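Participant: Let me begin by handing over the structure; questions about it come next.
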Amino acid sequence: MRAAIMQPYLLPYIGYFQLIAHADTFVIYDDIQFSKKGWINRNRFLRNGDAVMFTLPLRKDSDYLDVRDRNIADAYDPKKLIAQIENAYRKAPQFATAMPVIEEILGCSERNLFTFIHHSVTRVCTCLGLDTPIIVSSSLGDTTGLKGQDRVLAICEAVSATSYVNPIGGLDLYQASAFQARGMDLHFMRRTSLAYEQFGHPFVPDLSILDIMMFNSVDEARSLITDHYEMVAPKDD
């Protein structure tokens with residue numbers, strides 16, 4: 001049973017959904033500290049051939065709170081953000097199909113940050129036909145006293161995983177021997193070459209999944225997700 005674990009990201013890039021599609025169980029952290037430098041409440045879309053950042057504004061609060069304890073600011077205006085995305089993608093080939101989903105996600109009335117993002121991830125999965133179970137980390141017990149690899153191992157054991165899959169960026173963070181000692185294999189996922197038409201401009205990679213949804217049919221998007229990655233073995237300990 002393959003498990004993958006990720007932080008909650010707002011309308012994340014394709015690699016996030018490649019992990020979901022490859023895993024048998026996907027765990028999303030809610031009991032992890034919010035980071036201003038990450039992609040939890042922000043991402044990028046395409047406008048006039050360039051990547052443009054969009055952000056969910058948050059209520060002012062302690063920087064040490066977990067994601068599940070942060071809230072979206074009252075000043076958040078979904079209509080304004082939706083209008084920006086509409087203007088950027090109005091002529092995209094899948095606009096009529098994708099835009100209602102994006103409107104539903106960004107217009108969600110929930111103001112808890114984690115719940116809002118969790119809804120966005122599950123809604124995209126439903127749209128793209130990805131049926132991997134998504135489990136919230138805190139539902140598996142309190143693992144917050146553990147760090148790094150030890151926490152990952154504990155979560156994997158909680159879901160009875162026999163294999164753990166991590167993005168390639170974690171290649172230096174995990175030791176295969178530690179997983180093997182718990183009866184698990186360790187693998188890393190690396191995206192392979194991927195490009196699609198974006199209004200005739202040079203291809204801009206690593207945008208929000210909404211960009212893929214705007215330019216590709218559901219079947220095409222699923223093919224990009226399932227066919228454009230490779231598995232990499234861990235380094236020797």
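Letters A, B, ... go to the chains of the structure tokens in the order shown; residues in each chain start at 1; ligands are counted from 1 in the same order.
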Would you please extract all helix (DSSP H, G or I) residues from region 20-194 of chain A, as assigned by DSSP on the backbone, and give them as a PyMOL selection string?

Facilitator: chain A and resi 20-22+67-69+78-89+95-106+113-128+137-140+148-158+168-170+176-180

Participant: Using DSSP on the backbone, list every residue of region 159-235 of chain A that comes out as strand (DSSP E), and give them as a ChimeraX atom specification.

Facilitator: /A:163-167,185-191,229-232

Participant: Quick one: everything within 8 Å of region 200-217 of chain A, counting only C-alpha atoms, minus sequence neighbours fewer than 5 positions away in the same chain. Send it as a ChimeraX atom specification.

Facilitator: /A:11-14,43-46,49-51,89,92-95,97-99,102,195

Participant: Provide the CA of Ile5 (chain A) to CA of Val136 (chain A) distance in Å, to one decimal place.

Facilitator: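 CA of Ile5 (chain A) sits 9.8 Å away from CA of Val136 (chain A).
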
Participant: Can you pull out the residues contacting Val165 (chain A)? Cut-off 9 Å, using only C-alpha atoms, and skip same-chain residues under 2 positions away; I want them as a ChimeraX atom specification.

Facilitator: /A:2-5,19,22-23,163,167,185-189,231

Participant: Set the distance at 8 Å and use only C-alpha atoms: which residues neighbour region 218-220 of chain A once local chain neighbours fewer than 3 positions away are removed? I'd like the list as a PyMOL selection string.

Facilitator: chain A and resi 127-128+213+223-224

Participant: Pick out the closest residue to Phe199 (chain A) from this set: A:Ile134, A:Leu171, A:Val27, A:Ala88. Count only C-alpha atoms.

Facilitator: A:Ala88

Participant: Would you work out the distance separating CA of Ala176 (chain A) from CA of Ser137 (chain A), expressed in Å to one decimal?

Facilitator: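 Between CA of Ala176 (chain A) and CA of Ser137 (chain A) the gap works out to 22.4 Å.
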
Participant: Extract, using only C-alpha atoms, all DNA, RNA and protein residues at most 9 Å from Ile40 (chain A), discarding same-chain residues fewer than 2 positions from it, and format them as a list in words.

Facilitator: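 Answer for this query is Gln7, Pro8, Tyr9, Leu10, Pro12, Phe34, Ser35, Lys36, Lys37, Gly38, Arg42, Asn43, Val67, Leu113, Phe114 and Ile117 of chain A.
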
Participant: Those residues you just picked out, can you put them in a file as a CSV table (one decimal), in the first residue's frame with all heavy atoms?

Facilitator:
chain,number,residue,atom,x,y,z
A,7,GLN,N,2.0,18.8,2.7
A,7,GLN,CA,1.3,20.0,3.3
A,7,GLN,C,0.1,20.4,2.4
A,7,GLN,O,0.0,20.1,1.3
A,7,GLN,CB,2.3,21.2,3.3
A,7,GLN,CG,3.5,20.9,4.3
A,7,GLN,CD,4.3,22.2,4.4
A,7,GLN,OE1,3.9,23.3,4.2
A,7,GLN,NE2,5.6,22.0,4.8
A,8,PRO,N,-0.8,21.2,3.0
A,8,PRO,CA,-1.9,21.7,2.2
A,8,PRO,C,-1.5,22.9,1.4
A,8,PRO,O,-0.9,23.8,1.9
A,8,PRO,CB,-2.9,22.1,3.3
A,8,PRO,CG,-2.1,22.5,4.5
A,8,PRO,CD,-0.9,21.6,4.4
A,9,TYR,N,-1.7,22.8,0.1
A,9,TYR,CA,-1.3,23.9,-0.8
A,9,TYR,C,-2.6,24.4,-1.6
A,9,TYR,O,-3.5,23.6,-1.9
A,9,TYR,CB,-0.3,23.4,-1.8
A,9,TYR,CG,1.1,23.1,-1.3
A,9,TYR,CD1,1.9,22.3,-2.0
A,9,TYR,CD2,1.5,23.7,-0.1
A,9,TYR,CE1,3.2,22.0,-1.5
A,9,TYR,CE2,2.8,23.4,0.4
A,9,TYR,CZ,3.6,22.6,-0.3
A,9,TYR,OH,4.9,22.3,0.2
A,10,LEU,N,-2.6,25.6,-1.8
A,10,LEU,CA,-3.8,26.2,-2.5
A,10,LEU,C,-3.7,25.9,-4.0
A,10,LEU,O,-2.7,26.4,-4.7
A,10,LEU,CB,-3.8,27.7,-2.3
A,10,LEU,CG,-4.9,28.5,-3.1
A,10,LEU,CD1,-6.3,28.1,-2.7
A,10,LEU,CD2,-4.7,30.0,-2.9
A,12,PRO,N,-2.6,23.5,-5.9
A,12,PRO,CA,-1.2,23.3,-6.2
A,12,PRO,C,-0.9,22.9,-7.6
A,12,PRO,O,-1.7,22.6,-8.5
A,12,PRO,CB,-0.9,22.1,-5.2
A,12,PRO,CG,-2.2,21.4,-5.0
A,12,PRO,CD,-3.2,22.5,-5.0
A,34,PHE,N,2.1,26.8,10.0
A,34,PHE,CA,2.0,27.6,8.8
A,34,PHE,C,3.3,28.3,8.5
A,34,PHE,O,4.1,28.7,9.3
A,34,PHE,CB,0.9,28.7,9.0
A,34,PHE,CG,0.8,29.7,7.8
A,34,PHE,CD1,0.2,29.3,6.7
A,34,PHE,CD2,1.4,30.9,7.9
A,34,PHE,CE1,0.1,30.2,5.6
A,34,PHE,CE2,1.4,31.8,6.8
A,34,PHE,CZ,0.7,31.4,5.7
A,35,SER,N,3.7,28.3,7.2
A,35,SER,CA,4.9,29.0,6.7
A,35,SER,C,4.6,30.1,5.7
A,35,SER,O,3.9,29.8,4.7
A,35,SER,CB,5.8,27.9,6.1
A,35,SER,OG,6.9,28.6,5.5
A,36,LYS,N,5.1,31.3,5.9
A,36,LYS,CA,4.8,32.3,5.0
A,36,LYS,C,5.6,32.1,3.7
A,36,LYS,O,5.2,32.7,2.6
A,36,LYS,CB,5.3,33.7,5.6
A,36,LYS,CG,4.5,34.2,6.8
A,36,LYS,CD,5.1,35.5,7.3
A,36,LYS,CE,4.3,36.0,8.5
A,36,LYS,NZ,4.8,37.3,9.0
A,37,LYS,N,6.7,31.4,3.7
A,37,LYS,CA,7.5,31.2,2.5
A,37,LYS,C,7.1,30.1,1.6
A,37,LYS,O,7.6,30.0,0.5
A,37,LYS,CB,8.9,31.0,3.0
A,37,LYS,CG,9.5,32.1,3.8
A,37,LYS,CD,11.0,31.8,4.2
A,37,LYS,CE,11.6,33.0,5.0
A,37,LYS,NZ,13.0,32.7,5.4
A,38,GLY,N,6.1,29.3,2.0
A,38,GLY,CA,5.7,28.2,1.2
A,38,GLY,C,4.5,28.5,0.3
A,38,GLY,O,4.3,29.7,0.0
A,42,ARG,N,-0.9,30.5,-1.4
A,42,ARG,CA,-0.7,31.3,-2.6
A,42,ARG,C,-0.3,30.3,-3.7
A,42,ARG,O,0.1,29.2,-3.5
A,42,ARG,CB,0.5,32.3,-2.4
A,42,ARG,CG,1.8,31.6,-2.0
A,42,ARG,CD,2.9,32.7,-1.8
A,42,ARG,NE,4.2,32.1,-1.5
A,42,ARG,CZ,5.3,32.7,-1.7
A,42,ARG,NH1,5.4,33.9,-2.1
A,42,ARG,NH2,6.5,32.0,-1.4
A,43,ASN,N,-0.4,30.8,-5.0
A,43,ASN,CA,0.1,30.1,-6.1
A,43,ASN,C,0.2,31.0,-7.3
A,43,ASN,O,0.1,32.3,-7.1
A,43,ASN,CB,-0.9,28.9,-6.5
A,43,ASN,CG,-0.1,27.7,-6.9
A,43,ASN,OD1,0.6,27.7,-8.0
A,43,ASN,ND2,-0.1,26.6,-6.2
A,67,VAL,N,-1.6,25.3,10.6
A,67,VAL,CA,-2.4,25.7,9.4
A,67,VAL,C,-3.9,25.6,9.8
A,67,VAL,O,-4.7,26.5,9.5
A,67,VAL,CB,-2.2,24.8,8.2
A,67,VAL,CG1,-3.1,25.1,7.1
A,67,VAL,CG2,-0.7,24.9,7.8
A,113,LEU,N,-8.5,28.3,7.1
A,113,LEU,CA,-7.5,28.1,6.0
A,113,LEU,C,-7.4,26.7,5.6
A,113,LEU,O,-7.5,26.3,4.4
A,113,LEU,CB,-6.2,28.7,6.4
A,113,LEU,CG,-5.1,28.5,5.4
A,113,LEU,CD1,-5.4,29.2,4.1
A,113,LEU,CD2,-3.7,29.0,6.0
A,114,PHE,N,-7.2,25.7,6.6
A,114,PHE,CA,-7.1,24.3,6.2
A,114,PHE,C,-8.3,23.8,5.5
A,114,PHE,O,-8.2,23.1,4.5
A,114,PHE,CB,-6.7,23.5,7.4
A,114,PHE,CG,-6.7,22.0,7.0
A,114,PHE,CD1,-5.6,21.5,6.3
A,114,PHE,CD2,-7.7,21.2,7.3
A,114,PHE,CE1,-5.5,20.2,5.9
A,114,PHE,CE2,-7.7,19.8,6.9
A,114,PHE,CZ,-6.6,19.3,6.2
A,117,ILE,N,-8.6,25.0,2.0
A,117,ILE,CA,-7.6,24.3,1.1
A,117,ILE,C,-7.9,22.9,0.9
A,117,ILE,O,-7.9,22.3,-0.3
A,117,ILE,CB,-6.2,24.5,1.6
A,117,ILE,CG1,-5.8,26.0,1.5
A,117,ILE,CG2,-5.2,23.7,0.8
A,117,ILE,CD1,-4.4,26.3,2.1

Participant: Just want the 8 Å neighbourhood of Arg111 (chain A), counted on only C-alpha atoms, with same-chain residues fewer than 6 positions away dropped. Output as a ChimeraX atom specification.

Facilitator: /A:71-73

Participant: Produce a file of the selected residues containing N, CA and C atoms, as a tab-separated table (two decimals), in the first residue's frame.

Facilitator:
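File produced: part.tsv:
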chain	number	residue	atom	x	y	z
A	71	ASN	N	-6.88	31.54	9.79
A	71	ASN	CA	-8.13	31.88	9.13
A	71	ASN	C	-7.92	32.90	8.02
A	72	ILE	N	-8.76	32.82	7.01
A	72	ILE	CA	-8.71	33.76	5.90
A	72	ILE	C	-9.24	35.12	6.37
A	73	ALA	N	-8.60	36.18	5.92
A	73	ALA	CA	-8.98	37.53	6.33
A	73	ALA	C	-10.39	37.88	5.86

Participant: Which value, in Å to one decimal, gives the distance between CA of Gln175 (chain A) and CA of Met6 (chain A)?

Facilitator: 18.0 Å
